[in-house]
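Text of the file final.cif, holding mmCIF, C-alpha atoms:
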```
data_start
loop_
_atom_site.label_atom_id
_atom_site.label_comp_id
_atom_site.auth_asym_id
_atom_site.auth_seq_id
_atom_site.Cartn_x
_atom_site.Cartn_y
_atom_site.Cartn_z
CA MET A 111 11.46 -1.40 60.57
CA LYS A 112 11.32 0.52 63.85
CA VAL A 113 13.98 2.64 65.44
CA PRO A 114 15.38 1.32 68.72
CA MET A 115 13.34 1.79 71.85
CA VAL A 116 14.22 5.02 73.64
CA GLN A 117 13.40 6.39 77.07
CA ARG A 118 11.34 9.58 77.02
CA SER A 119 11.47 11.27 80.42
CA SER A 120 9.24 9.15 82.71
CA SER A 121 7.98 6.85 79.96
CA ILE A 122 9.43 4.26 77.61
CA ALA A 123 8.39 3.66 74.01
CA LEU A 124 8.01 -0.10 73.57
CA PRO A 125 7.69 -1.50 70.01
CA TYR A 126 4.19 -2.87 69.37
CA GLY A 127 3.38 -3.85 65.80
CA GLU A 128 3.79 -0.78 63.63
CA ASP A 129 3.48 1.52 66.64
CA PHE A 130 4.82 1.98 70.15
CA LEU A 131 3.31 1.65 73.58
CA ASP A 132 4.10 4.37 76.11
CA VAL A 133 5.11 2.50 79.24
CA HIS A 134 5.43 4.37 82.54
CA LEU A 135 8.12 2.98 84.81
CA PRO A 136 9.83 4.67 87.76
CA SER A 137 13.56 4.97 87.04
CA ARG A 138 14.41 3.23 90.32
CA ASN A 139 12.77 0.04 89.00
CA LEU A 140 14.51 -0.15 85.64
CA LEU A 141 17.62 -2.34 85.81
CA CYS A 142 18.47 -2.34 82.11
CA ILE A 143 17.27 -2.51 78.54
CA VAL A 144 18.66 -5.57 76.79
CA GLU A 145 18.57 -5.11 73.04
CA PRO A 146 20.45 -5.92 69.84
CA LYS A 147 23.38 -3.73 68.82
CA ASP A 148 23.72 -1.43 65.85
CA VAL A 149 26.30 -2.46 63.27
CA HIS A 150 27.72 -1.08 60.05
CA GLY A 151 25.74 -2.70 57.27
CA VAL A 152 26.39 -3.87 53.72
CA ARG A 153 26.37 -0.77 51.53
CA ASP A 154 25.80 -2.50 48.21
CA ILE A 155 23.66 -5.60 48.74
CA HIS A 156 23.23 -6.13 44.99
CA GLY A 157 26.95 -6.17 44.40
CA GLU A 158 27.62 -8.31 47.48
CA VAL A 159 25.08 -10.98 46.50
CA ARG A 160 26.53 -11.18 42.99
CA ARG A 161 30.05 -11.43 44.37
CA LEU A 162 29.07 -14.24 46.74
CA LEU A 163 27.25 -16.22 44.06
CA ARG A 164 30.53 -16.22 42.16
CA ASN A 165 32.67 -16.83 45.26
CA PRO A 166 30.58 -18.92 47.69
CA LEU A 167 31.80 -20.67 50.83
CA GLY A 168 32.29 -24.42 50.55
CA CYS A 169 30.49 -25.10 47.27
CA LYS A 170 30.74 -24.47 43.54
CA LYS A 171 29.85 -21.03 42.26
CA LEU A 172 26.33 -20.72 40.90
CA SER A 173 27.37 -20.78 37.25
CA GLU A 174 29.05 -24.16 37.87
CA LEU A 175 26.18 -25.61 39.90
CA VAL A 176 23.73 -25.22 37.04
CA LYS A 177 23.78 -26.01 33.36
CA PRO A 178 21.38 -25.16 30.54
CA GLY A 179 18.25 -27.29 30.82
CA ASP A 180 18.41 -27.74 34.60
CA GLU A 181 15.25 -27.33 36.64
CA VAL A 182 16.01 -25.02 39.55
CA VAL A 183 14.03 -24.41 42.72
CA ILE A 184 14.54 -21.36 44.90
CA ILE A 185 13.24 -21.96 48.42
CA SER A 186 12.35 -18.67 50.09
CA ASP A 187 11.34 -17.92 53.65
CA ASP A 188 7.89 -16.38 54.12
CA ASN A 189 6.32 -13.14 55.33
CA THR A 190 7.06 -13.94 58.98
CA ARG A 191 10.70 -13.15 58.18
CA LEU A 192 12.24 -9.82 57.19
CA THR A 193 14.71 -11.25 54.66
CA PRO A 194 14.99 -8.88 51.64
CA THR A 195 14.04 -11.59 49.17
CA ASN A 196 12.67 -8.93 46.83
CA VAL A 197 16.31 -7.90 46.34
CA ILE A 198 18.02 -11.31 46.45
CA VAL A 199 15.69 -13.35 44.22
CA PRO A 200 15.86 -11.07 41.15
CA ILE A 201 19.66 -11.22 41.35
CA LEU A 202 19.50 -15.02 41.54
CA LEU A 203 17.21 -15.16 38.51
CA ASP A 204 19.48 -12.89 36.48
CA GLU A 205 22.56 -14.95 37.40
CA LEU A 206 20.72 -18.14 36.48
CA ASN A 207 19.77 -16.61 33.12
CA GLU A 208 23.43 -15.79 32.49
CA ALA A 209 24.29 -19.43 33.23
CA GLY A 210 21.78 -20.64 30.63
CA VAL A 211 18.77 -21.35 32.86
CA GLU A 212 15.57 -19.72 31.61
CA ASP A 213 12.91 -18.30 33.91
CA SER A 214 10.55 -21.07 32.73
CA GLN A 215 12.93 -23.61 34.31
CA VAL A 216 12.84 -21.92 37.73
CA LYS A 217 10.23 -22.40 40.44
CA ILE A 218 10.00 -20.61 43.80
CA ILE A 219 8.62 -22.49 46.79
CA MET A 220 7.67 -20.43 49.80
CA ALA A 221 9.03 -22.26 52.82
CA LEU A 222 6.01 -21.83 55.07
CA GLY A 223 6.85 -24.64 57.43
CA THR A 224 3.48 -25.01 59.16
CA HIS A 225 2.45 -21.38 58.70
CA ARG A 226 -0.63 -20.36 56.74
CA LYS A 227 -0.45 -19.79 52.99
CA MET A 228 0.70 -16.40 51.79
CA THR A 229 -1.78 -14.31 49.83
CA ASP A 230 -1.03 -12.93 46.37
CA SER A 231 -0.49 -9.46 47.79
CA GLU A 232 1.88 -10.82 50.45
CA LEU A 233 3.83 -12.70 47.78
CA GLY A 234 4.09 -9.48 45.78
CA ARG A 235 5.49 -7.60 48.74
CA LYS A 236 7.86 -10.40 49.68
CA LEU A 237 9.29 -11.21 46.24
CA GLY A 238 8.34 -8.21 44.13
CA ASN A 239 5.60 -8.26 41.48
CA THR A 240 8.15 -8.54 38.67
CA VAL A 241 9.34 -11.88 40.08
CA LEU A 242 5.75 -13.15 40.20
CA LYS A 243 5.48 -12.44 36.48
CA ARG A 244 8.83 -14.07 35.66
CA VAL A 245 8.57 -17.45 37.42
CA GLU A 246 6.07 -19.82 39.01
CA VAL A 247 5.64 -19.28 42.75
CA LYS A 248 3.97 -21.81 45.04
CA ASN A 249 3.18 -22.03 48.74
CA HIS A 250 4.47 -25.15 50.48
CA GLU A 251 1.70 -27.61 51.42
CA TYR A 252 2.86 -29.28 54.63
CA LEU A 253 -0.40 -31.21 55.22
CA ASP A 254 -0.94 -32.52 51.68
CA ARG A 255 0.64 -35.97 51.35
CA GLU A 256 0.33 -35.77 47.58
CA CYS A 257 2.74 -32.83 47.63
CA LEU A 258 5.39 -34.67 49.66
CA ILE A 259 8.01 -37.32 48.99
CA ASP A 260 9.03 -39.80 51.71
CA LEU A 261 12.82 -40.09 52.05
CA GLY A 262 12.81 -42.52 54.95
CA GLN A 263 14.28 -41.63 58.33
CA THR A 264 17.33 -40.08 59.91
CA LYS A 265 19.45 -42.14 62.28
CA ASN A 266 17.42 -40.57 65.09
CA LYS A 267 14.22 -41.97 63.53
CA THR A 268 12.98 -38.60 62.35
CA PRO A 269 10.72 -39.20 59.32
CA ILE A 270 11.86 -37.20 56.29
CA LYS A 271 8.93 -36.00 54.19
CA ILE A 272 9.82 -33.22 51.78
CA ASN A 273 8.06 -31.04 49.21
CA LYS A 274 7.84 -32.89 45.91
CA ASP A 275 8.71 -29.86 43.76
CA VAL A 276 11.86 -29.34 45.77
CA MET A 277 12.94 -32.95 45.36
CA LYS A 278 12.29 -32.97 41.61
CA ALA A 279 14.57 -29.99 40.98
CA ASP A 280 18.10 -30.52 39.68
CA VAL A 281 19.44 -27.61 41.73
CA LYS A 282 18.11 -26.35 45.06
CA ILE A 283 18.88 -22.90 46.49
CA GLY A 284 17.66 -21.65 49.88
CA VAL A 285 17.13 -17.98 50.75
CA GLY A 286 16.69 -16.92 54.36
CA ASN A 287 17.95 -14.94 57.35
CA ILE A 288 20.18 -15.89 60.27
CA VAL A 289 18.90 -15.02 63.75
CA PRO A 290 18.81 -16.86 67.09
CA HIS A 291 15.98 -19.39 67.40
CA HIS A 292 14.76 -21.23 70.46
CA ILE A 293 13.99 -24.59 68.80
CA CYS A 294 17.23 -25.15 66.87
CA GLY A 295 19.61 -22.48 68.14
CA TRP A 296 19.67 -20.52 64.89
CA ALA A 297 17.21 -19.78 62.10
CA GLY A 298 18.54 -19.67 58.57
CA GLY A 299 20.62 -22.31 56.81
CA ALA A 300 19.12 -25.79 57.00
CA LYS A 301 15.90 -24.45 58.52
CA ILE A 302 14.76 -23.51 55.01
CA ILE A 303 14.33 -27.28 54.44
CA GLN A 304 13.22 -28.36 57.91
CA PRO A 305 10.66 -27.13 58.72
CA GLY A 306 10.50 -24.87 55.65
CA VAL A 307 9.44 -27.42 53.04
CA SER A 308 8.86 -30.49 55.21
CA GLY A 309 5.73 -32.44 56.14
CA LYS A 310 4.06 -32.18 59.53
CA ASP A 311 5.57 -35.43 60.86
CA THR A 312 9.11 -34.26 60.15
CA THR A 313 8.52 -30.91 61.79
CA ALA A 314 6.78 -32.41 64.81
CA ALA A 315 9.74 -34.73 65.43
CA THR A 316 12.40 -32.00 65.40
CA HIS A 317 10.27 -29.57 67.40
CA ILE A 318 9.63 -32.16 70.10
CA LEU A 319 13.40 -32.67 70.28
CA GLY A 320 13.89 -28.96 70.87
CA ALA A 321 10.98 -28.46 73.23
CA THR A 322 12.01 -31.32 75.50
CA SER A 323 15.66 -30.26 75.70
CA PRO A 324 16.69 -29.85 79.36
CA VAL A 325 18.29 -26.47 78.56
CA THR A 326 17.34 -23.73 76.13
CA LEU A 327 18.95 -24.08 72.71
CA LEU A 328 18.53 -20.38 71.89
CA GLY A 329 21.79 -19.13 70.39
CA THR A 330 23.63 -22.48 70.61
CA VAL A 331 25.43 -23.65 67.47
CA ASP A 332 26.07 -27.35 68.09
CA ASN A 333 22.86 -28.93 69.31
CA ILE A 334 20.72 -31.99 68.61
CA VAL A 335 17.99 -30.15 66.68
CA ARG A 336 20.20 -28.09 64.40
CA ASN A 337 22.30 -31.16 63.65
CA GLU A 338 19.14 -33.08 62.74
CA MET A 339 18.01 -30.29 60.43
CA ILE A 340 21.42 -30.29 58.75
CA ARG A 341 21.16 -34.06 58.18
CA ILE A 342 17.78 -33.55 56.52
CA ALA A 343 19.11 -30.70 54.34
CA ARG A 344 22.00 -32.94 53.26
CA ARG A 345 19.60 -35.77 52.42
CA VAL A 346 17.57 -33.35 50.31
CA LYS A 347 20.82 -32.21 48.63
CA LEU A 348 20.40 -28.50 49.20
CA ASP A 349 23.04 -27.11 46.85
CA MET A 350 23.45 -23.56 48.10
CA ILE A 351 22.05 -21.03 50.53
CA VAL A 352 21.98 -17.25 50.30
CA ASN A 353 21.34 -15.84 53.77
CA THR A 354 21.32 -12.37 55.23
CA VAL A 355 22.00 -11.13 58.73
CA LEU A 356 19.84 -8.11 59.58
CA ASP A 357 20.33 -5.61 62.34
CA ARG A 358 17.48 -4.49 64.58
CA LYS A 359 16.44 -1.82 62.08
CA GLY A 360 16.18 -4.36 59.25
CA ASN A 361 19.37 -3.18 57.56
CA VAL A 362 21.56 -5.85 55.97
CA ALA A 363 24.56 -6.32 58.25
CA ASP A 364 25.99 -9.28 56.37
CA VAL A 365 25.31 -11.62 53.46
CA VAL A 366 26.61 -15.18 53.17
CA ALA A 367 26.30 -17.74 50.40
CA GLY A 368 27.49 -21.29 49.88
CA ASP A 369 27.35 -24.60 51.72
CA VAL A 370 24.47 -24.93 54.16
CA VAL A 371 26.81 -25.35 57.16
CA GLN A 372 29.85 -23.27 56.26
CA ALA A 373 27.86 -20.25 55.06
CA THR A 374 25.47 -20.38 58.02
CA ASP A 375 28.29 -20.64 60.54
CA SER A 376 29.93 -17.60 58.97
CA GLY A 377 26.68 -15.64 59.27
CA ILE A 378 26.19 -16.76 62.87
CA LYS A 379 29.45 -15.02 63.81
CA THR A 380 28.02 -11.71 62.63
CA SER A 381 24.60 -12.39 64.12
CA LYS A 382 26.11 -13.06 67.55
CA LYS A 383 27.70 -9.60 67.52
CA ILE A 384 24.25 -8.11 67.02
CA TYR A 385 21.87 -10.29 69.04
CA PHE A 386 23.95 -11.44 72.01
CA ALA A 387 23.48 -8.79 74.71
CA LYS A 388 24.83 -8.67 78.26
CA THR A 389 22.74 -8.01 81.34
CA PRO A 390 24.16 -7.71 84.86
CA THR A 391 21.73 -10.04 86.63
CA LYS A 392 18.29 -11.63 86.51
CA THR A 393 15.26 -9.66 87.69
CA ASP A 394 11.87 -10.35 89.23
CA ILE A 395 10.08 -8.70 86.31
CA VAL A 396 10.83 -8.90 82.58
CA LEU A 397 8.90 -6.72 80.15
CA ALA A 398 9.29 -7.93 76.57
CA SER A 399 8.01 -6.91 73.14
CA SER A 400 7.45 -9.58 70.51
CA HIS A 401 8.78 -7.27 67.80
CA PRO A 402 9.41 -8.21 65.00
CA CYS A 403 7.40 -11.44 65.43
CA ASP A 404 4.01 -9.79 65.78
CA ILE A 405 1.58 -11.45 63.34
CA GLU A 406 0.20 -14.21 65.59
CA PHE A 407 1.22 -15.87 68.83
CA TRP A 408 2.70 -18.76 66.87
CA GLN A 409 5.50 -16.28 66.10
CA ALA A 410 5.25 -14.10 69.20
CA HIS A 411 5.80 -17.05 71.54
CA LYS A 412 9.53 -16.70 70.81
CA THR A 413 9.39 -13.80 73.26
CA LEU A 414 9.06 -16.31 76.10
CA TYR A 415 12.45 -17.96 75.79
CA SER A 416 14.80 -14.99 75.90
CA SER A 417 12.62 -13.59 78.68
CA GLY A 418 12.93 -16.88 80.54
CA MET A 419 16.72 -16.54 80.47
CA VAL A 420 16.67 -13.29 82.51
CA VAL A 421 13.72 -13.69 84.87
CA LYS A 422 14.31 -14.89 88.42
CA GLU A 423 12.75 -18.10 89.65
CA GLY A 424 9.16 -17.29 90.55
CA GLY A 425 9.32 -14.01 88.67
CA THR A 426 6.93 -12.43 86.17
CA ILE A 427 7.24 -12.09 82.39
CA ILE A 428 5.06 -9.49 80.66
CA ILE A 429 4.69 -9.96 76.91
CA ALA A 430 3.39 -7.12 74.75
CA THR A 431 2.30 -8.41 71.35
CA PRO A 432 -0.38 -7.22 68.89
CA CYS A 433 -1.10 -10.61 67.21
CA PRO A 434 -3.65 -9.31 64.64
CA GLU A 435 -4.21 -12.90 63.46
CA GLY A 436 -4.77 -14.23 66.97
CA VAL A 437 -3.12 -17.30 68.46
CA SER A 438 -2.48 -19.38 65.35
CA VAL A 439 -4.30 -19.77 62.05
CA THR A 440 -2.86 -23.24 61.40
CA HIS A 441 -2.58 -24.58 64.97
CA PRO A 442 -5.96 -23.99 66.67
CA GLU A 443 -5.42 -26.97 68.98
CA LEU A 444 -3.02 -24.79 70.98
CA LEU A 445 -6.04 -23.31 72.72
CA GLU A 446 -7.00 -26.77 73.96
CA ILE A 447 -3.57 -27.86 75.21
CA GLY A 448 -1.76 -24.58 75.93
CA ARG A 449 -2.42 -24.65 79.68
CA LEU A 450 -1.28 -28.27 80.11
CA SER A 451 2.11 -29.27 81.53
CA SER A 452 4.67 -31.22 79.53
CA ASN A 453 3.95 -34.24 81.75
CA GLN A 454 0.34 -34.08 80.57
CA ILE A 455 1.05 -33.32 76.92
CA LEU A 456 3.61 -36.02 76.09
CA PRO A 457 1.44 -39.02 77.16
CA LYS A 458 -1.53 -37.57 75.25
CA LEU A 459 0.66 -37.13 72.18
CA ARG A 460 1.95 -40.72 72.37
CA ARG A 461 -1.61 -42.04 72.73
CA GLY A 462 -2.74 -40.08 69.69
CA GLU A 463 -5.07 -37.85 71.71
CA ILE A 464 -3.26 -34.80 70.36
CA GLU A 465 -3.21 -34.67 66.57
CA ASP A 466 -1.00 -31.62 66.11
CA GLY A 467 2.52 -32.70 67.07
CA VAL A 468 4.05 -29.34 66.18
CA GLY A 469 1.50 -27.51 68.31
CA ALA A 470 2.19 -29.98 71.13
CA ALA A 471 5.90 -29.15 70.94
CA LEU A 472 5.11 -25.47 71.29
CA ALA A 473 2.81 -26.10 74.26
CA ILE A 474 5.60 -28.10 75.91
CA ALA A 475 7.99 -25.19 75.36
CA PHE A 476 5.40 -22.86 76.97
CA SER A 477 5.13 -25.14 79.97
CA VAL A 478 8.88 -25.12 80.60
CA VAL A 479 8.85 -21.32 80.95
CA LYS A 480 5.64 -21.29 83.00
CA ARG A 481 7.17 -23.75 85.46
CA HIS A 482 9.45 -21.06 86.88
CA ALA A 483 7.73 -17.78 85.96
CA ASN A 484 4.28 -16.24 85.81
CA VAL A 485 3.38 -14.88 82.34
CA ILE A 486 1.09 -11.92 81.68
CA LEU A 487 -0.05 -11.30 78.11
CA VAL A 488 -0.92 -7.84 76.81
CA SER A 489 -2.43 -8.15 73.33
CA ASP A 490 -5.13 -6.51 71.24
CA GLY A 491 -5.41 -9.68 69.15
CA ILE A 492 -5.72 -12.27 71.93
CA SER A 493 -8.67 -12.19 74.32
CA ALA A 494 -8.49 -12.75 78.06
CA THR A 495 -10.14 -16.14 77.56
CA ASP A 496 -7.60 -17.23 74.97
CA SER A 497 -4.76 -15.98 77.17
CA GLU A 498 -6.07 -18.17 79.98
CA ASN A 499 -6.41 -21.12 77.59
CA LEU A 500 -2.70 -20.72 76.82
CA GLY A 501 -1.97 -20.75 80.55
CA PHE A 502 -1.21 -17.02 80.82
CA GLU A 503 -2.68 -14.15 82.79
CA HIS A 504 -4.17 -11.27 80.80
CA ALA A 505 -3.87 -7.51 81.20
CA ASP A 506 -5.44 -4.77 79.10
CA THR A 507 -2.34 -2.57 79.19
CA VAL A 508 1.35 -2.87 80.01
CA ASP A 509 0.90 -0.43 82.89
CA GLN A 510 -1.82 -2.70 84.30
CA ALA A 511 0.45 -5.72 83.91
CA LEU A 512 3.29 -3.88 85.68
CA SER A 513 0.94 -3.01 88.54
CA LYS A 514 0.10 -6.70 88.92
CA ALA A 515 3.77 -7.63 88.86
CA PHE A 516 4.76 -4.97 91.44
CA ALA A 517 1.91 -6.12 93.68
CA ARG A 518 3.41 -9.60 93.53
CA HIS A 519 7.10 -8.74 93.86
CA GLY A 520 7.09 -5.45 95.75
CA SER A 521 7.19 -1.80 94.72
CA ARG A 522 10.99 -1.75 94.47
CA ALA A 523 11.28 -4.83 92.22
CA LYS A 524 13.71 -4.44 89.33
CA VAL A 525 12.61 -4.68 85.70
CA THR A 526 14.57 -5.85 82.65
CA ILE A 527 13.18 -4.74 79.27
CA LEU A 528 13.62 -6.67 76.02
CA PRO A 529 12.38 -4.52 73.10
CA ASN A 530 13.27 -7.16 70.48
CA ALA A 531 12.88 -10.28 72.60
CA PRO A 532 12.38 -13.00 69.93
CA ASP A 533 15.82 -12.37 68.39
CA THR A 534 17.76 -11.42 71.53
CA VAL A 535 20.04 -13.79 73.44
CA PRO A 536 20.59 -12.31 76.92
CA ILE A 537 23.94 -13.12 78.53
CA VAL A 538 23.58 -12.86 82.32
CA GLU A 539 26.90 -11.82 83.86
CA ASN A 540 26.05 -12.70 87.49
#
```
Would you mind writing the file out in C-alpha cells?
Amino acid sequence: MKVPMVQRSSSIALPYGEDFLDVHLPSRNLLCIVEPKDVHGVRDIHGEVRRLLRNPLGCKKLSELVKPGDEVVIISDDNTRLTPTNVIVPILLDELNEAGVEDSQVKIIMALGTHRKMTDSELGRKLGNTVLKRVEVKNHEYLDRECLIDLGQTKNKTPIKINKDVMKADVKIGVGNIVPHHICGWAGGAKIIQPGVSGKDTTAATHILGATSPVTLLGTVDNIVRNEMIRIARRVKLDMIVNTVLDRKGNVADVVAGDVVQATDSGIKTSKKIYFAKTPTKTDIVLASSHPCDIEFWQAHKTLYSSGMVVKEGGTIIIATPCPEGVSVTHPELLEIGRLSSNQILPKLRRGEIEDGVGAALAIAFSVVKRHANVILVSDGISATDSENLGFEHADTVDQALSKAFARHGSRAKVTILPNAPDTVPIVEN
C-alpha cells in the first residue's frame, strides 16, 4: 500500500497503480488536498479477531453458532478489495476446528458480485496457499442460473437470487472491509451477500436504485439501497460478519464481528474518522486518483462520485487511473451505452434493448456526474476512443489534462486534489 501523497517542491506525487505520477501545479492554484486521515491501528489483528469471534456484537459467539457436523460457508470479498483475508480466514478455520467443524465441512465462496473470476494465483495471494490446500474455494457464478437459488422478492420487488452453495450451508460467515461506497453508502456488511453472491437480476435492481437516487448516497448510513441489501442478507440468514476497517496505508484500524447491522455500524464509526475529510469550498478543477481501485474502470469509476461532491457546477474533473484490464472484463456493453444520458438509458433498459442492467446502472451514475461537470480521463489502460465511448475527454498526461482545464476555467482557477478518491467522502464547509 502506498504512502500518502506528498508535495515535492513544484510537483506533486499522485498515486497511480503501483507508482506515482509527478504532477506540476503552481502553488497559487492548489486549494487543498483532501485525503483520508492516519489513525492508530490494531496492533495484534490475530488476537483481536479471536477475541471478537468469542465476543461478537449482537449474535452468538462462533463456538455457539456452529456444532459438529455443520456445513459452513465463508463468503470472502475478492481481489478488488484490500481486506487481509489471508490473516482472517485461517483464524476462522482454526476456531471452527476447535468448535468441532472439520476443514472438509467448510467451503469458501469468493463474493465476486459481477466481477471476473479470480485466477488461482490471485486466490493464493488473497487467501494464502495454505487455505487453498485446507478447504474448497469457489468463485461465485452470478450469470449461471444453475448456481443460484430463487428466494422470491423483497417488499420493494427486488428479485432475490443467491448462490446455491451459500444457501445450502448451515452457517454463513461474511468477511469484508468497511469503506464508503457510492451505490449503498458503505461497503462491507450486507454487501458481501448483495451483490457479493447474488445473481445479475438482484444486483441490477439494487444498483438501479442507487444510481437513480436524487442525491449521492456516498457515506450515508440509512438509505434505500443499504436497507435493501440488509433485507436480502437477513433473508439469506447471514449468521456473522468479520469486517476490517483499513487506513489509507492498508493498516488495520479496526476489526468488528457479529450481527450484519450492529457490527457494520460499529465499523462505520471508525471508518468515518478516517475517510470523511473537510474541504473549505468547491473548486473549478478536481484532480483525483482512483487509488486503490485501479484494476479496471469498473472499479475506478468510484473516483467520479467523491470528485462530483467538490467540483463546481460546470467544472472539470480529471481522473488518473491505470486500469490495466481496461474498462470492464465482465461489462463490455458499457462502451456502447457509457455516453448516453439517464433519460436515454432507462427507456432502453425497460424495453430490453440493454441486456446488462448492472452496467446500465453504472452508466446512469456516470451521466449524473457528467451533467454538471466535464470529465477528463488519463489512463494507460483506456484508449482515447474508449474514453469518448464512456462520454469522457481523454488526455495523455495529467499535465495535459490540467492545461485543458486551465484553458477552460482560467489560469488562476483553484484545484482540489483527491489522492484516494474512491474511498474519500469530502465534507464541503462552505
ask   = Which of these residues is nearest to Lys227 in chain A, using all atoms listed in the file: A:Thr440, A:Arg461, A:Thr426, A:Asp369?
value =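 Using all atoms listed in the file, Lys227 in chain A sits closest to A:Thr440.
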Taking the file as shown, what set of residues would the PyMOL selection byres ((chain A and resi 196-205) around 6) give back, as a PDB file with C-alpha atoms, keeping the file's coordinate frame?
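Listing of part-v1.pdb after writing:
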```
ATOM      1  CA  PRO A 194      14.990  -8.880  51.640  1.00  0.00           C
ATOM      2  CA  THR A 195      14.040 -11.590  49.170  1.00  0.00           C
ATOM      3  CA  LEU A 206      20.720 -18.140  36.480  1.00  0.00           C
ATOM      4  CA  ASN A 207      19.770 -16.610  33.120  1.00  0.00           C
ATOM      5  CA  GLU A 208      23.430 -15.790  32.490  1.00  0.00           C
ATOM      6  CA  LYS A 236       7.860 -10.400  49.680  1.00  0.00           C
ATOM      7  CA  LEU A 237       9.290 -11.210  46.240  1.00  0.00           C
ATOM      8  CA  GLY A 238       8.340  -8.210  44.130  1.00  0.00           C
TER       9      GLY A 238
END
```
Q | Residues matched by the PyMOL selection byres ((chain A and resi 185) around 7) as a list in words | A |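 What the PyMOL selection byres ((chain A and resi 185) around 7) grabs from the file is Val183, Ile184, Ser186, Asp187, Ile218, Ile219, Met220, Ala221, Ile283, Gly284, Val285 and Ile302 of chain A.
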- prompt: At what distance in Å, to one decimal, does CA of His504 in chain A lie from CA of Glu446 in chain A?
  reply: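 Those two atoms sit 17.2 Å apart.
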Q.
Env of Thr534 in chain A: 8 Å cut, atoms = all atoms listed in the file, seq-sep filter 2 positions within chain, self excluded. Answer as a ChimeraX atom specification.
A. /A:144-146,290,385-387,416,528,530-532,536
- Item | Top pick for closest residue to Asp180 in chain A, considering A:Lys278, A:Leu444, A:Asn273, A:Glu435 and counting all atoms listed in the file |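 Among the listed residues, A:Lys278 lies closest to Asp180 in chain A.
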Between A:Leu141, A:Ala473, A:Val281, A:Ile429, smallest distance to Pro178 in chain A by all atoms listed in the file belongs to A:Val281
task: Expand the PyMOL selection byres ((chain A and resi 364) around 6) into the individual residues it matches in the shown file, reporting them as a PyMOL selection string.
output: chain A and resi 354-355+362-363+365
Considering all atoms listed in the file, return as an MDAnalysis selection string whatever protein or nucleic-acid residues lie within 12 Å of Gly234 in chain A, sequence-local ones (same chain, fewer than 2 positions apart) excluded. chainID A and resid 188:189 195:196 228:232 236:243 247
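All polymer residues at most 7 Å from (22.3, -3.7, 84.0), using all atoms listed in the file, appear as Leu141, Cys142, Thr389, Pro390 and Thr391 of chain A.
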Can I get the selection written as a JSON list (two decimals), in the coordinates of the input, with C-alpha atoms?
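And here's again_37.json as it stands now:
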```json
[["chain", "number", "residue", "atom", "x", "y", "z"],
["A", 141, "LEU", "CA", 17.62, -2.34, 85.81],
["A", 142, "CYS", "CA", 18.47, -2.34, 82.11],
["A", 389, "THR", "CA", 22.74, -8.01, 81.34],
["A", 390, "PRO", "CA", 24.16, -7.71, 84.86],
["A", 391, "THR", "CA", 21.73, -10.04, 86.63]]
```
Practice prompt. Counting all atoms listed in the file, find the residues whose atoms lie at most 8 Å from (5.0, -23.6, 51.6) (file coordinates) and write them out as a list of chain:residue names.
Written response: A:Ile219, A:Met220, A:Ala221, A:Leu222, A:Gly223, A:Thr224, A:His225, A:Lys227, A:Lys248, A:Asn249, A:His250, A:Glu251, A:Tyr252, A:Gly306, A:Val307
| message | At a cut-off of 8 Å, using all atoms listed in the file, what residues contact Ile378 in chain A? Leave out same-chain residues fewer than 5 positions from it and give the result as a ChimeraX atom specification. | response | /A:288-289,296
- Query: Skipping near chain neighbours, those fewer than 3 positions away, what residues fall within 12 Å of Lys514 in chain A using all atoms listed in the file, listed as a ChimeraX atom specification?
  - Reply: /A:395,425-428,484-487,503-511,517-521,523
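With distances restricted to only C-alpha atoms, A:Val276 is the closest residue to Val216 in chain A from A:Ala373, A:Val149, A:Leu456, A:Val276.
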I'd like the box whose edges run along x, y and z of the file and which contains every listed atom of range 216-221 of chain A, padded by 6 Å per side; could you state its centre and edge lengths in Å, one decimal, as JSON?
```
{"center_x": 10.3, "center_y": -21.5, "center_z": 45.3, "size_x": 17.2, "size_y": 14.1, "size_z": 27.1}
```
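Counting from CA of Glu338 in chain A, the distance to CA of Asn266 in chain A is 8.0 Å.
Across the model, the gap from CA of Gly299 in chain A to CA of Leu356 in chain A is 14.5 Å.
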